Every structure is written in structure tokens, then in C-alpha cells.
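Chemist: Have a look at this one.
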Amino acid sequence: MEISVRVNGSHTEADVEPRLLLVHYLRETLGLTGTHWGCDTSNCGACTVLLDGVPVKSCTVLAVMAEGHDVTTVEGLAKGDALDPVQRGFMEEHGLQCGFCTPGMMLTARALLNGNADPDEKSIREAISGNLCRCTGYENIVRAVRWAVEHSAADETEEAAV
Amino acid sequence: MTTTQPPMTDAGSADDEPRSPAGNPIGFGRMLRKEDARFLRGQGHYVDDVALPGMLHGAVLRSPFAHARVVSIDTSGADAYPGVRAVITGKILETLNLAWMPTLSGDVTAVLATDKVRFQGQEVAFVVAESEYIARDALELIDVQYDPLPAIVDAKRALDPQAPVIRDDLEGRTDNHIYDWEAGDAAACDEAFAKADVVVSEDIIYPRVHPAPMETCGSVANMDKVTGKLTVWTTTQAPHAHRTVYALVAGLPEHKIQIISPDIGGGFGNKVGIYPGYVLSIVGSIITGAPVKWMEDRSENLMSTSFARDYHMHGEIAATREGKILALRVNVLADHGAFNGVAQPTKFPAGFFHIFTGSYDYPAAHCKVTAVYTNKALGGVAYACSFRITEAAYFVERMVDCLAFELQMDPAELRMKNLLRPEQFPYTTPTGWVYDSGNYPRALQEAMRIAGYEELRKEQADRRSAASRPDADPSAPLMGIGLSFFTEGVGAGPRKHMDILGLGMADGCELRVHPTGKAQLRLSVQTQGQGHETTFAQIVSHIIGIPPEDIEVLHGDTDNTPFGLGTYGSRSTPVSGAAAAVAAQRIKEKARVVAAAALECSVDDLEWEHGRWFVKGDPEKGKTMAEIAMAAHSSLELPAGVEGHLDASVVYDPPNLTYPFGAYICVVDVDPQTGVVKVRRFIAVDDCGPRINPMIVEGQIHGGLADGIGMALMEVMAFDTEGNHLGGSFMDYLLPTSMECPSWELGMTVTPSPHHPIGVKGVGESATVGSPAAVVNAILDALQIRQADMPFTPAMTWRALQGRAMRPDLAIE
């Protein structure tokens, strides 16, 4: 089937099998390997991307279901060289170790902050509860999101970091 | 949020070190990770991200039975399926002498089943196709006829006389017994138990669990027929060991094998062994002449790759009425699965389990471990276990709590009464370990201080008293407080005692300082998230004084790094970190010779400070490391026998293990009506010696504490009577989420290792080793029950409360 999907602001199109998963469309067809695959059953959240701004597990979305929609992956988080405050928060607070869950975790956090500019610890923990991390024990991920909250002033997002 | 307490230390604080131009500590201290830049942008490069021109994809057909004869395999449907390039069976591998391969424990394991399948999920056939979708379609077209056999899933039934013999492939094999192994002094134990006022016996199961890294296992193999070179990108924690094994097993020339372990999405011991899929991707590439990628799915990962634990322990502890421990002994039944594939030093078939005497002072101990085959996947040493110290620490900490229960004594008081005292170090344990250094009472006191232990006990007493009133709320949570104190032995190991498959456990390291004073450090160990690219740069920076951002750490490519045994058992910093430190020290000494030549003085006239050799009494006259590096590469005349350049190559053979330790306290609230356990607080005081990068150390501890919550509350791989795996997906094998984990409260003490060049002890697995017992002790304290087995799922907890605790590892009562 012919599909066209807007990915990180760019138009993409391909002729795909109807059964092709969105995660494979992103990784194999488009070469955007920042989205990871971890479990097949929507439990781990490593494959989380934003579909029209809403976090979805791309291992259980068919690529054809994204036809005509907007997808944001980790590659689309930074604006040029300027990292998203969430990305900077993960670095500043050591919110990642092996890095495998990190893209999905950051996109979930970005969606949370888009809807709630000042979430407390409980809201953050609830928001990321569908994203598994085996390395960090979640503590520093919560801190990373809070860091992003506290450094999300407009002037700071313009700053190039790292 | 975590409250990091000021360190209680025997060593100087690291925070007074000077800063680099980039603001990083020159040496130890909090420094943001160098590796993060790529991960944050989705630019990490994991095995599944490898894409080569013409690459094919492999998929494994697995057994639906736990135990069955393979009657026939018909691959004709798959062979004919469009896009399929090869279908490989055990019969084909037999012609290559590759149907079986050695395990890391001197056994053999099937690459593809030929005679029988011996666990559910075992590899039966391999399809190579133009896409993963086609490969998996073709699996459906392979027709395998099985003749099912009775399965052994309960280790306690494996030695029954009528039990089916699982390993009838081994000549002369008539039962499922693998080995008996003992340590300690049984007679001394008998004597101590005979004299004891109190003896407590208990059966304790450490159930089968799985490391379940977020990235599953996989490989991409590319055999270049023209050059004869095999390149394998693979999820391995030990790239050099894998290369040697491939050379030995497949007869491939070792100098023509390049193992690349790129970014690894978590390992935890899951990525130490060599799996059939890796070998099959290589065979697939040889047969098709194209690169072949194989990535297992989550079910394959959980069902077929290295599990952890499965120790069934019967323990006895002897003590005086006053609570002085006299002796501890244990009989272990170890379920090794269908093949003995445990990854551990050869002389230690039960790993380091005989460190089970723990952190206490008593003269007599004995353990006997009996290992058996069952119809389950192979493995056993994994999931951050420090070669079975996880089982050992859990055992002793449960037994001490059982003793406290019998004596009606506060478990903190009982521990304090028996902990080793600082003046006893170095301390030789009853089973022969030599603990290097420690101040145990101080760590426990620190944990109790942070917890507010007395107030917690008072709150608990008040709650219990309220609950006993007639008008008490039946839904009021039951509060429990649990302690654990652990000692680990990490950094395996002295090569005269420790090897894996004959490869001594020493690690190499190469440090090159380039003419402009920038350096590259090549390591034999392999990070899976531990932050080696940062920490190891800091080790070198600490010693030679150049900024850590000027030191590039290279690892994970056997063509470009020195030989060594890799990262597991918390061995990277204790072994490879020591190698890096020694290499840096050699560079520093050579720099002194070069500086003396440049300054036309004697080396004895020079003093070192902040990355610079200078003339004593004339600090202006000196050379920085960058100036020395340029001089070392220049035409400067050096003393006779001194070569130019500024490089060092080291192999570090550790003289002993290092022994990190810690005191943990967990507070839980249990809902008496639903059995739901909420971990209210977790206090962890760790002593891993000086902390190179405190931020990374704390991150390591956080992760291990979450493991403890997982194992204590939800993680288990159970089986039904037919050998069906009941934890084959993340819907069944539960991992802790952000909701079950509390905000960790960390503290620290610092007791350097006297024999490590920079005093560090390793910390990667400490919290996984130490935390499960604290959680379980807290839950049983809440329930006021002496013993029940984890995981304390709501159902298991509720059953325990009703006095009907059940086995966690079988779907039968």
C-alpha cells in the first residue's frame, strides 16, 4: 500500500506491506534507528513515538495507520543543534545509562510536558509507567523531567547544548 | 528524592580536584557522561541498527515442547517460499561439525536440535531470508514431527530414580545429576551445632529470574569470502572471549575474526554466553555469502537465553541464646536447566556462592551444592549476580532474620552483635575468602541514622497496637521494616585461581598519549550502560592530569583493543580500571624521564603536581603533560634505553578480589486485604571505596535497587507440569516500573581497597545483590511470618498471610 507520513516535519512516502509495523517503517524504511524495539507486546515502551503529539507504542501500530498523520521520533526532538530541555535534563541528571529506553522515555516526557508544564513527581511517575527501564531505577529519569520543567523558559530552549 | 549524605570516609574527598577548561574534574568527581551525546539524539549504534548492503535476515524455529524426540523435520515448504535463501537444520550443522558447541562450564549444548529438544523454546531450525518478515513466515512452513516425553520442571524431582534422563546424548548418562560441590568444614559445623542454644532450619527458594535487558540478543555476521575475514557485530559483554571461542569451536582463524560489540542496550549477565543464534548468523553468512542479521524477539529472549538463580536452599543457623552466631550451613539444589551453561570461573562450579557466610564473625560454615539437569533453558549466572553472590547474600540475610524471629530480637541488634569489626580486616572467612577492608558497623549505623530506625520501630509498634484494638480498621496497612547487610567479592580474578574456558581473568589496557597531549585508552571490557567512556577517562585524568575530555576511551572492537575477559561480575573497574590506572602511572613515570631530559635535570629533582613535572624549589621550571608528550615524540635526546613516544600497555592480574559492602533498610506497607505491597522507603548505604564519578555510582545503585524490588515483588519464571514457560513475555514476566520504585535514599561510607591501585572496589551489582533480602525481610516483618518465598505478588502475599504460602516457581501446589 502507498502511504505518506509526516515524520519529524518531513514528508515521507513508501509502498509498504499492510502488515508492516510503524516501528519497522521508521527503522528499516526510513533508517531512523533512534526508535528502538524491545518487546512486541506494548509493555516496554522502547518504541514509543508521538503520533499527532500523543505517545504510542510503534510496535503495535501499523505503518498504514500512520498514513496522513504526524510522527515525531527522537531524531525530531532537538531543534537543529539545540537540544530539547528534556534531552538536556536526561544528560544533566544522568537519566540514562545504556540508552535503549531513552528515546521512548524522552518522547513520553515531552508529551507530558506539552500537556502539563509543571508536573509533580507523582504525575511524572504515572506518565512514564508504560516505559520500562532496566538501568536507572527511574529516580534520575524523574529528576531529568523535573530538570526540563525548571529549564523550559523560552530563552533556554534556544541555547545550544552539549 | 534521594538524599545523598555527606560521605563517611577514610580517604580524601574527591571534590577538591582541579577543573578542566570544559569544567570537568581533572580526576574524580561528578562529570556528565561523554557517551550521552549520541544516545540523546537517537544516534546510539546498537546491533539491530547495523545495516549492510545485501544483508539477509535470520529467524529461529523453536520447540513448542519442553522434552520431545525430534522424529523428522521437513523444510521443503520453507525452502520453496519466495525470498528464502537458506534453511538450516541440525542435520546440516552436523555435516559442519557444528550441531553442538561447548558451554562455558565444560558441557555441550545444541546449536540446533538433532536428537531431542530439551526445553521449550530450544532452537530447531534457522531460516535465512530477504527480510525478517519473510523469514518468520517461512518458519510456519517447516514441519517438525515430535514425540513428546515427560518433562522435569521441578529440580526436586530431577534425581528421582524414575525421572527421564534428559541428557541421553552424553555417553553413559543414567540420571540428571551434574555435580556435587562442597566448601567449608562440615565437622566443625557439626560440633558448633551440637553446642548451640538455638538452631533454626529453613527452606528458601531463590526462584528462576531473567536479566531481561531492554535490548534483546542478536548479531550480524559477515563472512568476506575474498579476504576470509569474519566480522560479527554482536550483543556481547565479552568480545575477546567470544572471538577466541569462535576460533576454537569453528576452527576459524582467530586473526581473521573481528568481534564488534557496539552500543549494548543493557547486559546484566544476559550477554556473556554464546547463543545458538550468534553461531547461526555466522553459518548463515558462510552458506549464503551475504551478511546475515539475527535479532531475537522478547519471548525468545525470556525463554531461551541465560536465566538467573533457581537455587533451592535448605539452611541451618546455630547461635547462642544471646544472639551470637556460631555456625551456618546450607544444602543447595541448583537447577541448571537442560545444559550446564553457567558462565563462571572454572574452579567454581557454584560460582562464588560459598561467600554465603556473609558479613558476620563466626568460625564454622559449610555448604554443599548439588546441580541437576531439568527441562528448562540453560544459564544460571546472570542478572547482576556477581557469580552467585546474590543467592549467597539473600540466603544469609534471610537466615539471620529467621534467627532474629526465633530469638525475638531486633534484626538490627542481632546484626550489629555479629558484624565483622574493622580491626579484623583483612579477614579470612570460614570458606577461605580474604575480605580486603571494611568498616561494617559504621555502614549499618549510617543506614539506621538515615532511616531514623528507632522512630520507624516506634511507628510500627504504635500501628500494631492500634491494629490489636477491637475497633481496628481491617484495611489498615501492615508496616514492615527489613534490613540486609551484604559483602560482595568482585573483580574476578587472580588468574592463577580464575579462568573461563581456560582463559585467565586478567585484562589488558593500552594508553597512548599523542604528541599534542591528547590520549586514547583502549579497553578489553565492554560497557552496557555503565559509562566506561567517562569513568575510565577520569581514572587516567586523575593520574596524568590531562582533562578527561581529552581522553578518548575505545572498546568493543577486538581488532582495536587488547585482549581481556570483558564486563560482568562487577569486574570492569576492579580489573580493567586497575589496568588503566597502572598504564597511566607508567605514562606518568615515563613523562618524568622525558621531562628531566627536556629540563636537563635529574628525575630525582622533579616533583609532580596537577599534570606537570617541575623542578623542586623552582616551580616555574617545569613541563606540562602536553609539553612532555610533544617532547617524547620530538628529536629530544632521551637517556640510553628510553624509547620515544608516550605509550603504555598493561595486563592487570588482580592479586585478590575487592569486597564492596553495604547496609540496606526497606520500609513497606502491606494491604492485608489484597496482599499488595507498597515499598514506602528504601535506604541504601554503599561502600565501594572511593567514587570515581559519584553520579554514575549512584545511578548504578539506583538500577540495582529496582532489581531488588522486581525480584522481591514480581519477577519469576515459573513452569507448568509439562514444562511450558509461564513467563514468556513482558505481559507475564513483570519488570518494576516507576510506580513500584520509591525515591531511593542513598548514603555512603568510603573504605578503600588496600590492594587496588586507586582503592576502588566495583559497584555495578552491589544493589542487585543486597536489596532483595531487605525487601523480603521487610514484607515478612510486616506479615510477622518467619519465611515465605519471593516474589511477593499480591496473590503470593495474600496466601502467605493466610498461612498457605506456595512455591513461586511451579504452577502447582
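Ligands are numbered from 1 in the order shown, residues from 1 within each chain, and chains are lettered A, B, ... in the order they appear in the C-alpha cells.
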Could I get the residues of region 361-475 of chain B with an atom no further than 12 Å from an atom of region 212-231 of chain B, each paired with its nearest atom pair and that distance in Å to one decimal, using only C-alpha atoms, sorted by chain and residue number, as CSV?
Modeler:
```
residue,atom,partner,partner_atom,distance
B:Ala382,CA,B:Ala212,CA,10.0
B:Tyr383,CA,B:Ala212,CA,8.1
B:Ala384,CA,B:Pro213,CA,11.1
```
Chemist: If we count only C-alpha atoms and set the cut-off at 8 Å, which residues sit around Asn8 (chain A), ignoring sequence neighbours fewer than 6 positions away in its own chain? Please answer as an NGL selection string.
Modeler: :A and (70-73 or 75-76)
Chemist: Specify as a PyMOL selection string all residues of chain B found within 9 Å of chain A, counting only C-alpha atoms.
Modeler: chain B and resi 1-2+32-33+36-37+39-46+48-49+51+133+211-216+263-267+297-299+527-531+695-696+699-707+729-731+735-739+741-744
Chemist: What's the separation between CA of Ala78 (chain B) and CA of Gly58 (chain B), in Å to one decimal place?
Modeler: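 We find that CA of Ala78 (chain B) and CA of Gly58 (chain B) lie 12.7 Å from each other.
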Chemist: Would you mind reading off the distance between CA of His151 (chain A) and CA of Thr48 (chain A), one decimal, in Å?
Modeler: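 Between CA of His151 (chain A) and CA of Thr48 (chain A) the gap is 23.7 Å.
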Chemist: In Å, how far is it from CA of Ala393 (chain B) to CA of Val769 (chain B)?
Modeler: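 The value is 6.6 Å.
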Chemist: Fewer than 4 positions away in the same chain doesn't count, so skip those; otherwise give me all residues within 9 Å of Val54 (chain A), counting only C-alpha atoms, as number ranges by chain.
Modeler: A: 49-50, 108, 111
Chemist: Go ahead and dump the residues you just picked, N, CA and C atoms, as a JSON list (two decimals), in the first residue's frame.
Modeler:
```json
[["chain", "number", "residue", "atom", "x", "y", "z"],
["A", 49, "VAL", "N", 6.78, 6.55, 20.09],
["A", 49, "VAL", "CA", 6.92, 7.76, 19.28],
["A", 49, "VAL", "C", 5.66, 8.59, 19.51],
["A", 50, "LEU", "N", 5.68, 9.81, 19.04],
["A", 50, "LEU", "CA", 4.48, 10.65, 19.15],
["A", 50, "LEU", "C", 3.72, 10.59, 17.83],
["A", 108, "THR", "N", 7.87, 10.28, 25.75],
["A", 108, "THR", "CA", 6.77, 10.26, 26.72],
["A", 108, "THR", "C", 6.83, 11.50, 27.61],
["A", 111, "ALA", "N", 5.69, 14.61, 25.71],
["A", 111, "ALA", "CA", 4.23, 14.69, 25.60],
["A", 111, "ALA", "C", 3.61, 15.11, 26.93]]
```
Chemist: Could you pull out the strand (DSSP E or B) residues of region 464-683 of chain B, going by DSSP on the backbone, and write them as a ChimeraX atom specification?
Modeler: /B:478-487,490,499-500,503-504,507-513,519-523,551-554,557,564,606-608,612-615,618-624,647-652,658,661-670,677-683
Chemist: Write out as a ChimeraX atom specification which residues come within 9 Å of region 747-761 of chain B when counting only C-alpha atoms, dropping same-chain ones fewer than 4 positions away.
Modeler: /B:3-11,436-439,442-443,446-447,450,489-491,539,570-571,573-575,577-579,581-582,654-660,662,683-692
Chemist: Can I get the selected residues back with C-alpha atoms, as a PDB file, in the first residue's frame?
Modeler:
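Once everything was written out, this is again_0.pdb:
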```
ATOM      1  CA  THR B   3      19.174  12.496  49.873  1.00  0.00           C
ATOM      2  CA  THR B   4      22.842  11.955  49.372  1.00  0.00           C
ATOM      3  CA  GLN B   5      24.517  12.162  52.706  1.00  0.00           C
ATOM      4  CA  PRO B   6      27.989  13.566  53.241  1.00  0.00           C
ATOM      5  CA  PRO B   7      30.475  10.715  52.903  1.00  0.00           C
ATOM      6  CA  MET B   8      31.934   8.997  55.909  1.00  0.00           C
ATOM      7  CA  THR B   9      35.381   8.434  54.620  1.00  0.00           C
ATOM      8  CA  ASP B  10      38.818   7.044  55.292  1.00  0.00           C
ATOM      9  CA  ALA B  11      40.084   8.610  52.083  1.00  0.00           C
ATOM     10  CA  ASP B 436      40.243  -6.827  51.959  1.00  0.00           C
ATOM     11  CA  SER B 437      38.837  -3.970  54.028  1.00  0.00           C
ATOM     12  CA  GLY B 438      35.682  -2.786  55.698  1.00  0.00           C
ATOM     13  CA  ASN B 439      34.011  -0.941  58.497  1.00  0.00           C
ATOM     14  CA  ARG B 442      29.707   2.181  60.670  1.00  0.00           C
ATOM     15  CA  ALA B 443      27.779   1.417  57.452  1.00  0.00           C
ATOM     16  CA  GLU B 446      24.740   5.187  58.894  1.00  0.00           C
ATOM     17  CA  ALA B 447      21.823   3.391  57.263  1.00  0.00           C
ATOM     18  CA  ILE B 450      19.293   7.968  57.604  1.00  0.00           C
ATOM     19  CA  GLY B 489      33.633 -10.263  46.199  1.00  0.00           C
ATOM     20  CA  VAL B 490      34.109  -8.689  42.774  1.00  0.00           C
ATOM     21  CA  GLY B 491      36.840  -8.127  40.235  1.00  0.00           C
ATOM     22  CA  ILE B 539      40.859   7.344  36.010  1.00  0.00           C
ATOM     23  CA  SER B 570      31.354  -6.026  38.560  1.00  0.00           C
ATOM     24  CA  ARG B 571      34.873  -6.603  37.284  1.00  0.00           C
ATOM     25  CA  THR B 573      36.707  -1.079  37.500  1.00  0.00           C
ATOM     26  CA  PRO B 574      38.415  -3.572  39.826  1.00  0.00           C
ATOM     27  CA  VAL B 575      40.349  -5.234  36.973  1.00  0.00           C
ATOM     28  CA  GLY B 577      40.202   0.102  35.928  1.00  0.00           C
ATOM     29  CA  ALA B 578      43.319  -1.075  37.701  1.00  0.00           C
ATOM     30  CA  ALA B 579      44.935  -1.777  34.324  1.00  0.00           C
ATOM     31  CA  ALA B 581      45.498   3.185  36.428  1.00  0.00           C
ATOM     32  CA  VAL B 582      48.734   1.213  36.118  1.00  0.00           C
ATOM     33  CA  PRO B 654      44.367  -8.765  40.308  1.00  0.00           C
ATOM     34  CA  PRO B 655      46.039 -10.066  43.472  1.00  0.00           C
ATOM     35  CA  ASN B 656      42.672 -10.616  45.189  1.00  0.00           C
ATOM     36  CA  LEU B 657      39.040  -9.750  44.713  1.00  0.00           C
ATOM     37  CA  THR B 658      37.772  -6.463  46.070  1.00  0.00           C
ATOM     38  CA  TYR B 659      34.988  -6.576  48.633  1.00  0.00           C
ATOM     39  CA  PRO B 660      32.368  -3.823  48.437  1.00  0.00           C
ATOM     40  CA  GLY B 662      26.611  -2.104  52.209  1.00  0.00           C
ATOM     41  CA  ILE B 683      17.725   3.414  52.295  1.00  0.00           C
ATOM     42  CA  ALA B 684      20.984   2.189  50.785  1.00  0.00           C
ATOM     43  CA  VAL B 685      24.404   2.855  52.254  1.00  0.00           C
ATOM     44  CA  ASP B 686      27.082   1.510  49.932  1.00  0.00           C
ATOM     45  CA  ASP B 687      30.806   1.341  50.411  1.00  0.00           C
ATOM     46  CA  CYS B 688      32.609   0.697  47.135  1.00  0.00           C
ATOM     47  CA  GLY B 689      35.774   2.538  48.073  1.00  0.00           C
ATOM     48  CA  PRO B 690      36.494   5.955  46.550  1.00  0.00           C
ATOM     49  CA  ARG B 691      33.897   7.009  43.965  1.00  0.00           C
ATOM     50  CA  ILE B 692      35.419   7.938  40.625  1.00  0.00           C
TER      51      ILE B 692
END
```
Chemist: I need the residues in chain A that are helix (DSSP H, G or I) according to DSSP; give them as a PyMOL selection string.
Modeler: chain A and resi 22-29+58-60+63-66+74-76+85-92+102-115+121-130+139-150+154-157
